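Next comes final_34.csv, a file with CSV, C-alpha atoms and all ligand atoms.
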```csv
chain,number,residue,atom,x,y,z
H,14,MET,CA,-9.6,-8.7,11.6
H,15,VAL,CA,-9.6,-6.6,8.4
H,16,GLN,CA,-7.7,-3.3,8.4
H,17,ILE,CA,-8.7,-0.4,6.2
H,18,ALA,CA,-6.0,1.8,4.6
H,19,PRO,CA,-7.5,4.8,2.8
H,20,SER,CA,-5.3,6.0,-0.1
H,21,ILE,CA,-4.8,9.8,0.0
H,22,LEU,CA,-4.4,9.7,-3.8
H,23,SER,CA,-8.1,10.4,-3.9
H,24,ALA,CA,-8.0,13.1,-1.2
H,25,ASP,CA,-8.1,16.9,-1.7
H,26,PHE,CA,-4.4,17.6,-2.1
H,27,GLY,CA,-5.0,21.2,-1.1
H,28,ASN,CA,-6.2,20.1,2.3
H,29,LEU,CA,-4.2,17.0,3.2
H,30,GLU,CA,-3.9,17.9,6.8
H,31,SER,CA,-7.7,18.0,7.4
H,32,GLU,CA,-8.3,15.0,5.1
H,33,ILE,CA,-5.9,12.9,7.3
H,34,ARG,CA,-7.6,14.1,10.5
H,35,LYS,CA,-11.0,13.2,9.0
H,36,LEU,CA,-9.8,9.7,8.0
H,37,ASP,CA,-8.4,9.2,11.5
H,38,GLN,CA,-11.8,10.2,13.1
H,39,ALA,CA,-13.6,8.0,10.6
H,40,GLY,CA,-11.9,4.8,11.9
H,41,ALA,CA,-9.1,4.2,9.4
H,42,ASP,CA,-6.4,1.8,10.6
H,43,MET,CA,-3.6,3.3,8.6
H,44,ILE,CA,-3.0,5.9,6.0
H,45,HIS,CA,-1.9,4.6,2.6
H,46,ILE,CA,0.4,7.0,0.7
H,47,ASP,CA,1.1,6.5,-3.0
H,48,VAL,CA,4.5,7.7,-4.1
H,49,MET,CA,4.8,7.8,-7.9
H,50,ASP,CA,7.9,8.9,-9.9
H,51,GLY,CA,6.6,9.3,-13.4
H,52,HIS,CA,9.0,6.5,-14.6
H,53,PHE,CA,8.0,3.3,-12.9
H,54,VAL,CA,4.4,4.4,-13.4
H,55,PRO,CA,3.0,7.0,-15.7
H,56,ASN,CA,2.0,9.4,-13.0
H,57,LEU,CA,3.8,11.7,-10.5
H,58,THR,CA,2.6,12.4,-6.9
H,59,ILE,CA,4.3,13.4,-3.7
H,60,GLY,CA,7.7,13.0,-2.1
H,61,ALA,CA,9.2,12.6,1.4
H,62,PRO,CA,8.9,16.3,2.5
H,63,VAL,CA,5.1,16.1,2.2
H,64,VAL,CA,5.0,12.9,4.2
H,65,LYS,CA,7.1,14.5,6.9
H,66,SER,CA,4.8,17.5,7.1
H,67,LEU,CA,1.8,15.2,7.5
H,68,ARG,CA,3.4,13.1,10.2
H,69,PRO,CA,2.4,15.3,13.2
H,70,HIS,CA,-1.3,15.3,12.3
H,71,THR,CA,-2.1,11.7,13.1
H,72,GLU,CA,-0.8,8.7,15.1
H,73,LEU,CA,-2.0,6.2,12.6
H,74,PRO,CA,0.7,4.2,10.8
H,75,PHE,CA,1.9,5.6,7.5
H,76,ASP,CA,1.8,2.8,4.8
H,77,VAL,CA,4.0,4.2,2.1
H,78,HIS,CA,3.6,2.5,-1.3
H,79,LEU,CA,6.7,3.3,-3.5
H,80,MET,CA,5.9,3.1,-7.2
H,81,VAL,CA,9.4,4.3,-8.2
H,82,ASP,CA,12.4,3.0,-10.1
H,83,ASN,CA,15.5,2.4,-8.0
H,84,PRO,CA,13.8,2.5,-4.6
H,85,ASP,CA,17.1,1.9,-2.8
H,86,SER,CA,17.9,5.5,-3.4
H,87,MET,CA,14.7,6.7,-1.7
H,88,VAL,CA,13.7,4.4,1.2
H,89,ALA,CA,15.8,6.3,3.7
H,90,TRP,CA,14.1,9.5,2.9
H,91,PHE,CA,10.7,8.0,3.7
H,92,ALA,CA,11.9,6.3,6.9
H,93,ASP,CA,13.2,9.7,8.0
H,94,ALA,CA,9.9,11.3,7.1
H,95,GLY,CA,8.0,9.0,9.5
H,96,ALA,CA,6.9,6.0,7.4
H,97,ASP,CA,5.9,2.9,9.4
H,98,ILE,CA,5.7,0.5,6.5
H,99,ILE,CA,7.6,1.0,3.3
H,100,THR,CA,6.5,-1.2,0.3
H,101,ILE,CA,8.6,-1.5,-2.8
H,102,HIS,CA,7.6,-3.1,-6.1
H,103,ALA,CA,9.2,-6.5,-6.9
H,104,GLU,CA,9.6,-5.3,-10.5
H,105,SER,CA,11.5,-2.1,-9.5
H,106,THR,CA,14.8,-3.7,-8.1
H,107,PRO,CA,16.9,-6.7,-9.1
H,108,HIS,CA,18.0,-7.0,-5.4
H,109,LEU,CA,14.8,-7.5,-3.5
H,110,ASP,CA,16.5,-9.3,-0.6
H,111,ARG,CA,18.9,-6.5,-0.1
H,112,THR,CA,16.3,-3.7,-0.3
H,113,LEU,CA,13.9,-5.5,2.1
H,114,SER,CA,16.7,-5.9,4.6
H,115,PHE,CA,17.7,-2.3,4.2
H,116,ILE,CA,14.1,-1.1,5.0
H,117,ARG,CA,14.0,-3.2,8.2
H,118,SER,CA,17.4,-1.9,9.2
H,119,LEU,CA,15.9,1.6,9.1
H,120,GLY,CA,13.3,0.5,11.7
H,121,CYS,CA,10.4,0.2,9.3
H,122,LYS,CA,8.2,-2.7,8.3
H,123,ALA,CA,9.1,-4.0,4.9
H,124,GLY,CA,6.5,-4.6,2.1
H,125,ILE,CA,6.7,-6.1,-1.4
H,126,SER,CA,4.1,-5.2,-4.0
H,127,LEU,CA,3.3,-7.3,-7.1
H,128,THR,CA,1.7,-5.8,-10.2
H,129,PRO,CA,-1.1,-7.9,-11.8
H,130,SER,CA,1.3,-9.6,-14.3
H,131,THR,CA,3.9,-10.6,-11.7
H,132,PRO,CA,3.6,-14.2,-10.4
H,133,GLU,CA,3.8,-14.9,-6.7
H,134,ASP,CA,6.9,-17.1,-7.1
H,135,VAL,CA,9.1,-14.0,-6.7
H,136,LEU,CA,8.2,-14.1,-3.0
H,137,SER,CA,9.5,-17.6,-2.4
H,138,TYR,CA,12.9,-16.8,-1.1
H,139,VAL,CA,12.2,-13.6,0.8
H,140,LEU,CA,9.2,-14.6,3.0
H,141,ASP,CA,11.4,-14.3,6.1
H,142,LYS,CA,12.3,-10.7,5.2
H,143,VAL,CA,8.8,-9.3,4.6
H,144,ASP,CA,6.1,-7.9,6.9
H,145,LEU,CA,3.5,-7.1,4.2
H,146,ILE,CA,2.7,-8.3,0.7
H,147,LEU,CA,0.7,-6.0,-1.5
H,148,VAL,CA,-1.2,-7.6,-4.4
H,149,MET,CA,-2.1,-4.9,-6.9
H,150,THR,CA,-5.6,-5.5,-8.2
H,151,VAL,CA,-5.2,-2.8,-10.9
H,152,ASN,CA,-2.1,-1.7,-12.9
H,153,PRO,CA,-0.4,0.8,-10.6
H,154,GLY,CA,-0.5,4.5,-11.5
H,155,PHE,CA,-4.0,5.8,-11.1
H,156,GLY,CA,-7.0,5.7,-8.8
H,157,GLY,CA,-10.5,4.9,-10.1
H,158,GLN,CA,-9.6,1.8,-12.2
H,159,LYS,CA,-11.5,-1.4,-12.5
H,160,PHE,CA,-10.6,-4.4,-10.3
H,161,ILE,CA,-8.8,-7.3,-12.1
H,162,PRO,CA,-10.5,-10.5,-11.0
H,163,SER,CA,-7.5,-12.8,-11.9
H,164,GLN,CA,-5.7,-11.5,-8.8
H,165,LEU,CA,-8.1,-13.4,-6.5
H,166,GLY,CA,-6.3,-16.7,-7.3
H,167,LYS,CA,-3.0,-15.0,-6.6
H,168,ILE,CA,-4.2,-13.7,-3.2
H,169,SER,CA,-5.3,-17.3,-2.2
H,170,ARG,CA,-2.0,-18.8,-3.3
H,171,ILE,CA,0.0,-16.1,-1.4
H,172,LYS,CA,-2.2,-16.8,1.7
H,173,GLU,CA,-1.1,-20.4,1.5
H,174,MET,CA,2.5,-19.5,1.0
H,175,CYS,CA,2.4,-17.3,4.2
H,176,ALA,CA,0.7,-19.9,6.5
H,177,GLY,CA,2.2,-19.7,10.0
H,178,ARG,CA,4.0,-16.4,9.3
H,179,ASP,CA,3.1,-13.0,10.6
H,180,ILE,CA,2.7,-11.2,7.2
H,181,LEU,CA,0.0,-8.8,6.3
H,182,LEU,CA,-1.8,-9.5,3.0
H,183,GLU,CA,-2.9,-6.2,1.4
H,184,VAL,CA,-4.9,-5.5,-1.8
H,185,ASP,CA,-4.9,-2.2,-3.7
H,186,GLY,CA,-7.0,-1.0,-6.6
H,187,GLY,CA,-10.7,-1.0,-7.5
H,188,ILE,CA,-11.6,-2.0,-3.9
H,189,ASN,CA,-15.3,-1.4,-3.2
H,190,PRO,CA,-17.7,-3.3,-0.8
H,191,LEU,CA,-18.2,-6.0,-3.5
H,192,THR,CA,-14.6,-6.6,-4.4
H,193,ALA,CA,-13.5,-6.2,-0.8
H,194,ALA,CA,-15.7,-9.2,0.2
H,195,GLU,CA,-14.0,-11.3,-2.6
H,196,CYS,CA,-10.5,-10.3,-1.5
H,197,ILE,CA,-11.3,-11.0,2.2
H,198,ALA,CA,-12.7,-14.4,1.2
H,199,ALA,CA,-9.4,-15.1,-0.7
H,200,GLY,CA,-7.3,-14.2,2.3
H,201,ALA,CA,-6.6,-10.4,2.3
H,202,ASN,CA,-6.5,-8.7,5.6
H,203,VAL,CA,-5.6,-5.1,4.7
H,204,LEU,CA,-7.8,-3.2,2.1
H,205,VAL,CA,-6.5,-0.1,0.4
H,206,ALA,CA,-9.2,2.1,-1.1
H,207,GLY,CA,-9.3,5.6,-2.6
H,208,THR,CA,-12.3,6.2,-4.8
H,209,SER,CA,-14.7,4.2,-2.7
H,210,ILE,CA,-13.8,5.9,0.6
H,211,PHE,CA,-13.7,9.5,-0.7
H,212,ALA,CA,-16.8,9.0,-2.9
H,213,ASN,CA,-19.5,11.1,-1.2
H,214,GLY,CA,-17.7,12.6,1.8
H,215,ASP,CA,-19.0,10.2,4.5
H,216,TYR,CA,-15.6,8.5,5.2
H,217,ALA,CA,-16.8,6.7,8.3
H,218,LYS,CA,-19.7,5.0,6.5
H,219,ASN,CA,-17.6,4.1,3.5
H,220,ILE,CA,-14.9,2.6,5.7
H,221,GLU,CA,-17.5,0.6,7.6
H,222,ALA,CA,-19.0,-0.7,4.3
H,223,LEU,CA,-15.6,-2.1,3.3
H,224,ARG,CA,-15.1,-3.9,6.6
X,1,LIG,C1,-2.9,3.0,-7.6
X,1,LIG,C2,-2.6,3.2,-6.2
X,1,LIG,C3,-3.8,3.0,-5.3
X,1,LIG,C4,-5.0,3.9,-5.7
X,1,LIG,C5,-6.2,3.1,-5.4
X,1,LIG,O1,-1.6,2.8,-8.3
X,1,LIG,O2,-1.6,2.3,-5.7
X,1,LIG,O3,-3.5,3.1,-3.9
X,1,LIG,O4,-5.1,5.1,-4.9
X,1,LIG,O5,-7.3,3.8,-5.9
X,1,LIG,P1,-8.7,3.2,-6.1
X,1,LIG,O6,-9.2,2.7,-4.8
X,1,LIG,O7,-9.5,4.4,-6.6
X,1,LIG,O8,-8.6,2.1,-7.1
X,2,ZN,ZN,-1.3,2.2,-3.4
```
Could you express the structure from this file as structure tokens?
Ligand code: DX5
Ligand code: ZN
Amino acid sequence: MVQIAPSILSADFGNLESEIRKLDQAGADMIHIDVMDGHFVPNLTIGAPVVKSLRPHTELPFDVHLMVDNPDSMVAWFADAGADIITIHAESTPHLDRTLSFIRSLGCKAGISLTPSTPEDVLSYVLDKVDLILVMTVNPGFGGQKFIPSQLGKISRIKEMCAGRDILLEVDGGINPLTAAECIAAGANVLVAGTSIFANGDYAKNIEALR
């Protein structure tokens, strides 16, 4: 069963409440929230107060993707704000094991994200501490970029590494009906998409097309 996680990076930031309600009604499985700090990635988005103010408007899980340096200083803010899953980048902390355990200790599911140049080996010794693995299929920072096909092999290898474990395998970046099919074939079961879901205003149709 493939889950769809629309990224609100492509939403109308002036109307986030109604955008989230529309995604909920359109059949989204979770809401993907991209947090960027202007350092780890060359873009700046939203912080925990915005996540907190959106929390009452849907019961869908909040899938918070932290693209920030020093995530340890921020994960508690997002747990307090109502995040269900908190994903950090493997490249953003030297103490992955500790940070993942910290996220779980706050009552959230713990995710690790890999940028396109990071090999999957980094996951080897933390598989028992992780609930979600996010393979970035573009370089993080912006919506609307082109899917990087070399990541399909990485998805398949991670799928094998996770055999027998209850770990979600998520992809993010350049996901449209064509690349979605390739990612699902490789083993992904959560698809993040911004551009292709917000494209022409028919969120339900676009979500269905990805599934
Ligand atoms: C990029 C973000 C993505 C982004 C995807 O750094 O992590 O979630 O919103 O956007 P599209 O679907 O347009 O590639
Ligand atoms: Zn994302």
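Using all atoms listed in the file, the shortest contact distance between Ile98 of chain H and any of H:Leu67, H:Ile46, H:Val139, H:Cys196 is found at H:Ile46.
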Sorted by chain and rising residue number, which residues of chain H lie within 6 Å of ligand LIG 1 (chain X), and what are their closest atom pairs and distances in Å to one decimal, counting only C-alpha atoms and all ligand atoms, as a Markdown table?
```
| residue | atom | partner | partner_atom | distance |
| --- | --- | --- | --- | --- |
| H:Ser20 | CA | X:LIG1 | O4 | 4.9 |
| H:Leu22 | CA | X:LIG1 | O4 | 4.8 |
| H:Asp47 | CA | X:LIG1 | O2 | 5.7 |
| H:Pro153 | CA | X:LIG1 | O1 | 3.3 |
| H:Gly154 | CA | X:LIG1 | O1 | 3.8 |
| H:Phe155 | CA | X:LIG1 | C1 | 4.6 |
| H:Gly156 | CA | X:LIG1 | O5 | 3.5 |
| H:Gly157 | CA | X:LIG1 | O7 | 3.7 |
| H:Gln158 | CA | X:LIG1 | O8 | 5.2 |
| H:Asp185 | CA | X:LIG1 | O3 | 5.5 |
| H:Gly186 | CA | X:LIG1 | O8 | 3.5 |
| H:Gly187 | CA | X:LIG1 | O8 | 3.8 |
| H:Ile188 | CA | X:LIG1 | O6 | 5.4 |
| H:Ala206 | CA | X:LIG1 | O6 | 3.7 |
| H:Gly207 | CA | X:LIG1 | O6 | 3.6 |
| H:Thr208 | CA | X:LIG1 | O7 | 3.8 |
```
Within 12 Å of ligand ZN 2 (chain X), counting all atoms listed in the file, which protein or nucleic acid residues do you find, written as a VMD selection string?
chain H and resid 18 to 23 44 to 49 54 58 75 to 81 99 to 102 124 to 128 146 to 157 183 to 188 203 to 208
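If you look at atom CA of Ile197 of chain H and atom CA of Ala96 of chain H, they are 25.4 Å away from each other.
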Who sits within 9 Å of segment 30-39 of chain H, all atoms listed in the file, same chain under 3 positions skipped, as a PyMOL selection string: chain H and resi 19+21+24-27+42-44+66-67+70-73+215-218+220-221
Residues just named, written with C-alpha atoms as a tab-separated table (two decimals), in the coordinates of the input:
```
chain	number	residue	atom	x	y	z
H	19	PRO	CA	-7.50	4.80	2.80
H	21	ILE	CA	-4.80	9.80	0.00
H	24	ALA	CA	-8.00	13.10	-1.20
H	25	ASP	CA	-8.10	16.90	-1.70
H	26	PHE	CA	-4.40	17.60	-2.10
H	27	GLY	CA	-5.00	21.20	-1.10
H	42	ASP	CA	-6.40	1.80	10.60
H	43	MET	CA	-3.60	3.30	8.60
H	44	ILE	CA	-3.00	5.90	6.00
H	66	SER	CA	4.80	17.50	7.10
H	67	LEU	CA	1.80	15.20	7.50
H	70	HIS	CA	-1.30	15.30	12.30
H	71	THR	CA	-2.10	11.70	13.10
H	72	GLU	CA	-0.80	8.70	15.10
H	73	LEU	CA	-2.00	6.20	12.60
H	215	ASP	CA	-19.00	10.20	4.50
H	216	TYR	CA	-15.60	8.50	5.20
H	217	ALA	CA	-16.80	6.70	8.30
H	218	LYS	CA	-19.70	5.00	6.50
H	220	ILE	CA	-14.90	2.60	5.70
H	221	GLU	CA	-17.50	0.60	7.60
```
